[in-house]
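Since the structure comes first, as structure tokens, the remarks are kept for the end.
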Amino acid sequence: MKRIYLLVLCSVSALSLLACTGLRNSYESLLAPDSERPLIVLKIGESREVLAVGTGFPGWWGYYPGIISSDEDVASIVCEQGRSLIPFREPGIVFGGERCYLKAKEIGVAWLLTGNKY
């Protein structure tokens, strides 16, 4: 009987951890390692994830992470709602969240700015 209680307790604990708010700055893995400045190089038409935000418990209080592009004609940011089936990865399994993708539209330079979405 103690094993059943322990199993239930572990399951509830794991599910509550999966529901926590969180943030994954995916753009950091796209930065060119040999550049002096932070630089992301994409081919025209290529789309890569740059930000993932989990909207779990207790929520974001007054600050919700976001990212924008300085020139939407060169590179645009598209955010969509989603869930991750991989445990402990944002956006969460239970509450979900959003993923933001950077898409290169034409040759040029665009600055990516991170901060509060609202």
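In the structure tokens, chains take letters A, B, ... by order of appearance, with residues numbered from 1 within each chain and ligands from 1 in the order shown.
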
Query raised in the report: Residues at most 9 Å from Asp71 in chain A, counting only C-alpha atoms, excluding those fewer than 4 positions away in the same chain, as a list in words?
Result: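 Selected residues are Ala75, Ser76, Val109, Ala110, Trp111 and Leu112 of chain A.
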
Query raised in the report: Which polymer residues have any atom within 12 Å of an atom of Ile67 in chain A, counting only C-alpha atoms, with same-chain residues fewer than 3 positions away left out, as number ranges by chain?
Result: A: 25-27, 49-53, 64, 70, 76-79, 98-102, 111-118

Next, dump the selected residues to file, keeping only N, CA and C atoms, as a compact mmCIF listing (two decimals), in the first residue's frame.
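Output contents, as saved in again16.txt:
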```txt
# COMPACT_ATOMS: atom_id res chain seq x y z
N ASN A 25 15.55 30.21 -24.53
CA ASN A 25 16.11 31.15 -25.52
C ASN A 25 16.81 30.34 -26.61
N SER A 26 16.04 29.86 -27.57
CA SER A 26 16.58 29.00 -28.62
C SER A 26 17.55 29.74 -29.53
N TYR A 27 17.44 31.06 -29.59
CA TYR A 27 18.32 31.83 -30.47
C TYR A 27 19.78 31.71 -30.06
N GLU A 49 13.44 28.15 -34.82
CA GLU A 49 12.88 28.56 -33.53
C GLU A 49 13.87 29.45 -32.80
N VAL A 50 13.38 30.58 -32.26
CA VAL A 50 14.25 31.50 -31.52
C VAL A 50 13.82 31.67 -30.07
N LEU A 51 12.56 31.33 -29.74
CA LEU A 51 12.07 31.53 -28.38
C LEU A 51 10.93 30.56 -28.11
N ALA A 52 10.91 29.97 -26.91
CA ALA A 52 9.80 29.12 -26.47
C ALA A 52 9.44 29.54 -25.04
N VAL A 53 8.15 29.80 -24.82
CA VAL A 53 7.68 30.29 -23.53
C VAL A 53 6.60 29.36 -23.02
N TYR A 64 6.04 39.10 -19.68
CA TYR A 64 5.89 37.94 -20.57
C TYR A 64 6.95 38.07 -21.66
N SER A 70 13.64 44.07 -36.08
CA SER A 70 13.66 45.49 -36.42
C SER A 70 13.23 45.74 -37.86
N SER A 76 11.23 38.03 -40.32
CA SER A 76 10.01 38.19 -39.53
C SER A 76 9.96 37.17 -38.39
N ILE A 77 9.23 37.53 -37.35
CA ILE A 77 9.01 36.66 -36.20
C ILE A 77 7.55 36.23 -36.23
N VAL A 78 7.32 34.92 -36.18
CA VAL A 78 5.97 34.37 -36.13
C VAL A 78 5.86 33.50 -34.88
N CYS A 79 4.88 33.81 -34.02
CA CYS A 79 4.67 33.04 -32.80
C CYS A 79 3.38 32.24 -32.92
N GLU A 98 3.87 29.16 -26.10
CA GLU A 98 4.06 29.54 -27.49
C GLU A 98 5.51 29.39 -27.91
N ARG A 99 5.67 29.15 -29.21
CA ARG A 99 6.98 29.08 -29.83
C ARG A 99 7.06 30.19 -30.85
N CYS A 100 8.21 30.86 -30.90
CA CYS A 100 8.41 31.94 -31.86
C CYS A 100 9.51 31.52 -32.84
N TYR A 101 9.25 31.73 -34.12
CA TYR A 101 10.17 31.35 -35.18
C TYR A 101 10.65 32.58 -35.94
N LEU A 102 11.90 32.56 -36.33
CA LEU A 102 12.50 33.60 -37.16
C LEU A 102 12.55 33.08 -38.59
N TRP A 111 17.81 43.49 -36.72
CA TRP A 111 18.14 43.30 -35.31
C TRP A 111 17.00 42.58 -34.62
N LEU A 112 17.33 41.62 -33.75
CA LEU A 112 16.31 40.94 -32.94
C LEU A 112 16.35 41.56 -31.55
N LEU A 113 15.21 41.97 -31.06
CA LEU A 113 15.13 42.60 -29.74
C LEU A 113 14.28 41.75 -28.82
N THR A 114 14.82 41.44 -27.65
CA THR A 114 14.07 40.65 -26.67
C THR A 114 13.63 41.55 -25.53
N GLY A 115 12.55 41.16 -24.88
CA GLY A 115 12.05 41.92 -23.76
C GLY A 115 10.65 41.51 -23.39
N ASN A 116 9.90 42.44 -22.80
CA ASN A 116 8.52 42.19 -22.38
C ASN A 116 7.61 42.29 -23.60
N LYS A 117 6.79 41.27 -23.84
CA LYS A 117 5.91 41.25 -24.99
C LYS A 117 4.82 42.31 -24.88
N TYR A 118 4.37 42.59 -23.67
CA TYR A 118 3.28 43.54 -23.48
C TYR A 118 3.82 44.82 -22.92
```

Query - Among the residues A:Gly45, A:Gly108, A:Gly59, A:Gly54, the one that comes closest to Glu90 in chain A [using only C-alpha atoms] - result: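 The answer is A:Gly54, which sits nearest to Glu90 in chain A.
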
Query raised in the report: If you run DSSP on the backbone, which residues of chain A are strand (DSSP E), as a PyMOL selection string?
Result: chain A and resi 22-24+47-54+65-69+75-82+97-104+112-116

Just the selected residues (N, CA and C atoms), exported as a tab-separated table (two decimals), in the first residue's frame, please.
```tsv
chain	number	residue	atom	x	y	z
A	22	GLY	N	8.19	28.66	-17.80
A	22	GLY	CA	9.59	28.57	-18.16
A	22	GLY	C	9.86	29.25	-19.48
A	23	LEU	N	11.13	29.33	-19.81
A	23	LEU	CA	11.57	30.05	-20.99
A	23	LEU	C	12.78	29.33	-21.59
A	24	ARG	N	12.78	29.21	-22.92
A	24	ARG	CA	13.94	28.65	-23.60
A	24	ARG	C	14.36	29.65	-24.68
A	47	SER	N	13.46	28.93	-41.74
A	47	SER	CA	12.76	29.30	-40.51
A	47	SER	C	13.33	28.50	-39.35
A	48	ARG	N	13.67	29.18	-38.25
A	48	ARG	CA	14.25	28.52	-37.07
A	48	ARG	C	13.58	29.04	-35.81
A	49	GLU	N	13.44	28.15	-34.82
A	49	GLU	CA	12.88	28.56	-33.53
A	49	GLU	C	13.87	29.45	-32.80
A	50	VAL	N	13.38	30.58	-32.26
A	50	VAL	CA	14.25	31.50	-31.52
A	50	VAL	C	13.82	31.67	-30.07
A	51	LEU	N	12.56	31.33	-29.74
A	51	LEU	CA	12.07	31.53	-28.38
A	51	LEU	C	10.93	30.56	-28.11
A	52	ALA	N	10.91	29.97	-26.91
A	52	ALA	CA	9.80	29.12	-26.47
A	52	ALA	C	9.44	29.54	-25.04
A	53	VAL	N	8.15	29.80	-24.82
A	53	VAL	CA	7.68	30.29	-23.53
A	53	VAL	C	6.60	29.36	-23.02
A	54	GLY	N	6.75	28.85	-21.80
A	54	GLY	CA	5.74	28.01	-21.17
A	54	GLY	C	4.84	28.85	-20.28
A	65	PRO	N	7.90	37.13	-21.72
A	65	PRO	CA	9.01	37.25	-22.66
A	65	PRO	C	8.54	37.30	-24.11
A	66	GLY	N	9.20	38.13	-24.89
A	66	GLY	CA	8.87	38.25	-26.30
A	66	GLY	C	10.10	38.61	-27.11
A	67	ILE	N	9.96	38.53	-28.43
A	67	ILE	CA	11.07	38.86	-29.33
A	67	ILE	C	10.46	39.50	-30.58
A	68	ILE	N	11.13	40.54	-31.11
A	68	ILE	CA	10.67	41.21	-32.33
A	68	ILE	C	11.85	41.43	-33.26
A	69	SER	N	11.54	41.67	-34.51
A	69	SER	CA	12.55	41.96	-35.52
A	69	SER	C	12.48	43.45	-35.87
A	75	ALA	N	13.57	39.90	-42.05
A	75	ALA	CA	13.37	38.72	-41.19
A	75	ALA	C	12.15	38.96	-40.31
A	76	SER	N	11.23	38.03	-40.32
A	76	SER	CA	10.01	38.19	-39.53
A	76	SER	C	9.96	37.17	-38.39
A	77	ILE	N	9.23	37.53	-37.35
A	77	ILE	CA	9.01	36.66	-36.20
A	77	ILE	C	7.55	36.23	-36.23
A	78	VAL	N	7.32	34.92	-36.18
A	78	VAL	CA	5.97	34.37	-36.13
A	78	VAL	C	5.86	33.50	-34.88
A	79	CYS	N	4.88	33.81	-34.02
A	79	CYS	CA	4.67	33.04	-32.80
A	79	CYS	C	3.38	32.24	-32.92
A	80	GLU	N	3.42	31.00	-32.47
A	80	GLU	CA	2.24	30.14	-32.52
A	80	GLU	C	2.11	29.36	-31.22
A	81	GLN	N	0.88	29.07	-30.84
A	81	GLN	CA	0.60	28.30	-29.63
A	81	GLN	C	1.02	26.85	-29.85
A	82	GLY	N	1.46	26.20	-28.78
A	82	GLY	CA	1.85	24.80	-28.91
A	82	GLY	C	2.14	24.17	-27.57
A	97	GLY	N	1.99	26.80	-24.21
A	97	GLY	CA	2.68	28.08	-24.31
A	97	GLY	C	2.80	28.46	-25.76
A	98	GLU	N	3.87	29.16	-26.10
A	98	GLU	CA	4.06	29.54	-27.49
A	98	GLU	C	5.51	29.39	-27.91
A	99	ARG	N	5.67	29.15	-29.21
A	99	ARG	CA	6.98	29.08	-29.83
A	99	ARG	C	7.06	30.19	-30.85
A	100	CYS	N	8.21	30.86	-30.90
A	100	CYS	CA	8.41	31.94	-31.86
A	100	CYS	C	9.51	31.52	-32.84
A	101	TYR	N	9.25	31.73	-34.12
A	101	TYR	CA	10.17	31.35	-35.18
A	101	TYR	C	10.65	32.58	-35.94
A	102	LEU	N	11.90	32.56	-36.33
A	102	LEU	CA	12.50	33.60	-37.16
A	102	LEU	C	12.55	33.08	-38.59
A	103	LYS	N	12.00	33.85	-39.53
A	103	LYS	CA	12.02	33.45	-40.93
A	103	LYS	C	12.71	34.52	-41.76
A	104	ALA	N	13.73	34.09	-42.51
A	104	ALA	CA	14.47	35.00	-43.39
A	104	ALA	C	13.68	35.17	-44.68
A	112	LEU	N	17.33	41.62	-33.75
A	112	LEU	CA	16.31	40.94	-32.94
A	112	LEU	C	16.35	41.56	-31.55
A	113	LEU	N	15.21	41.97	-31.06
A	113	LEU	CA	15.13	42.60	-29.74
A	113	LEU	C	14.28	41.75	-28.82
A	114	THR	N	14.82	41.44	-27.65
A	114	THR	CA	14.07	40.65	-26.67
A	114	THR	C	13.63	41.55	-25.53
A	115	GLY	N	12.55	41.16	-24.88
A	115	GLY	CA	12.05	41.92	-23.76
A	115	GLY	C	10.65	41.51	-23.39
A	116	ASN	N	9.90	42.44	-22.80
A	116	ASN	CA	8.52	42.19	-22.38
A	116	ASN	C	7.61	42.29	-23.60
```

Requested in this report: Give me, please, the distance in Å between CA of Thr55 in chain A and CA of Ile86 in chain A, quoted to one decimal.
Outcome: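 According to the coordinates, CA of Thr55 in chain A and CA of Ile86 in chain A are separated by 15.6 Å.
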
Requested in this report: Just the helix (DSSP H, G or I) stuff from chain A, please, per backbone DSSP, written as a ChimeraX atom specification.
Outcome: /A:2-18,26-30

Report task. Find, counting only C-alpha atoms, the residue in A:Val8, A:Trp60, A:Arg3, A:Val74 that gets nearest to Lys43 in chain A. Result ->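 Nearest candidate to Lys43 in chain A out of A:Val8, A:Trp60, A:Arg3, A:Val74: A:Val74.
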